[in-house]
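Working notes, structure below.
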Amino acid sequence: MKSAVLFLTGMYVHLILSIAVPVGVFFAAKYNHDKISFLLVTGYLLMVGIVHFLGWISAGMAICAYRSRDYEKLIQGWKLLKFWSVPFYILNFIFSFVVWFVLIGASRGILFLFVPIPILFTCSMIVQSGIFGICVVRYLRRPADSERKPAWIHYILQLISVLDLASTVLILKKYPVKGKRHLPCA
């Protein structure tokens, strides 16, 4: 699924820019290049918006794939986002922890008020990729001829960091997700 690939790519570009932009702003400020600092921050915020937008487009495309019964693409996008985004979330957590620890320390706690912003942004990316998982769980629970269905708790687990990966591994191990099995709409 192309939208999932674009979203995943955007996540990693966001991570790279999260590291590069503060360094660029630091050096631009050191040499009194305020316009460059402004452009870097503006470009970074634009990229954050684009990644967020791509995430919601990707989630919408997952729903469209489910509704059009294109389960193969849905499952590919789900696996891609759940497994290939793990390094992103680990690096994002480490980087964010270090940066916010330094910023809060340097500001003597004043910047603590802004900590929820990147946390909410990261959580929204988990929800966006979780929509793929919700559609796959719904696909696996749908067939009437199958007695083995994932539990309803997997809907919730797909939206919680770390538990979404555990749920994905369990589903892939326990239930056949080939992408071909479906019933006609009733």
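Naming works like this for the structure tokens: A, B, ... for the chains as they're shown, residue 1 at the start of each chain, ligands 1 onward in shown order.
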
Exercise. Got a sec: who's within 12 Å of Val25 (chain A), counting only C-alpha atoms, leaving out chain neighbours fewer than 3 positions off, as JSON, numbers by chain?
Worked result: {"A": [17, 18, 19, 20, 21, 22, 28, 29, 30, 31, 32, 33, 34, 35, 36, 37, 38, 39, 40, 41, 42, 43, 44]}

For this session: Rank nothing, just name the residue among A:His154, A:Lys2, A:Arg69, A:His52 nearest to Val137 (chain A), using only C-alpha atoms.
Result: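 Nearest to Val137 (chain A): A:His154.
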
Exercise. Of the candidates A:Leu81, A:Val86, A:Leu91, A:Val162, which one gets nearest to His14 (chain A) if we count only C-alpha atoms?
Worked result: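 For His14 (chain A), the nearest of the given residues is A:Leu91.
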
Exercise. Could you state the separation of CA of Gln158 (chain A) and CA of Thr9 (chain A) in Å, given to one decimal place?
Worked result: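 Taking CA of Gln158 (chain A) and CA of Thr9 (chain A), their separation equals 20.5 Å.
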
Exercise. If you run DSSP on the backbone, which residues of chain A are alpha helix (DSSP H), as a ChimeraX atom specification?
Worked result: /A:2-30,34-67,71-84,86-106,116-141,153-157,163-174

Exercise. Between A:Phe97, A:Val177, A:Cys135, A:Ser129, which one has atoms that come closest to Trp84 (chain A), using only C-alpha atoms?
Worked result: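 Closest to Trp84 (chain A), using only C-alpha atoms: A:Ser129.
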
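Closest approach to Trp56 (chain A) from the set A:Tyr155, A:Lys149, A:Ser124, A:Ala166 is made by A:Ser124, with distances taken over only C-alpha atoms.
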
Exercise. Which is closest to Met1 (chain A) among A:Gly130, A:Gly24, A:Gly109, A:Gly60, if we use only C-alpha atoms?
Worked result: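 That would be A:Gly60, the residue with the smallest distance to Met1 (chain A).
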
Problem set entry | Shortest interatomic distance to Phe93 (chain A) - which of A:Leu15, A:Glu147, A:Gly10, A:Leu159, counting only C-alpha atoms |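 Distance minimum relative to Phe93 (chain A) lands on A:Leu15.
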
Problem set entry | 9 Å contact set for Trp152 (chain A), only C-alpha atoms, chain neighbours under 4 positions out, as a PyMOL selection string | chain A and resi 137-138+141+156

Output N, CA and C atoms for every residue in the selection just made, as a PDB file, in the first residue's frame.
```pdb
ATOM      1  N   VAL A 137      -8.124  -6.806  12.174  1.00  0.00           N
ATOM      2  CA  VAL A 137      -8.853  -7.565  13.202  1.00  0.00           C
ATOM      3  C   VAL A 137     -10.310  -7.729  12.778  1.00  0.00           C
ATOM      4  N   ARG A 138     -10.870  -6.668  12.272  1.00  0.00           N
ATOM      5  CA  ARG A 138     -12.270  -6.748  11.816  1.00  0.00           C
ATOM      6  C   ARG A 138     -12.401  -7.748  10.665  1.00  0.00           C
ATOM      7  N   ARG A 141     -12.303 -11.225  12.103  1.00  0.00           N
ATOM      8  CA  ARG A 141     -13.484 -11.565  12.905  1.00  0.00           C
ATOM      9  C   ARG A 141     -14.734 -11.718  12.044  1.00  0.00           C
ATOM     10  N   ILE A 156      -8.469  -2.737  20.753  1.00  0.00           N
ATOM     11  CA  ILE A 156      -7.873  -1.757  21.669  1.00  0.00           C
ATOM     12  C   ILE A 156      -6.351  -1.854  21.647  1.00  0.00           C
TER      13      ILE A 156
END
```

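Here CA of Ala62 (chain A) is placed at a distance of 21.8 Å from CA of Val13 (chain A).
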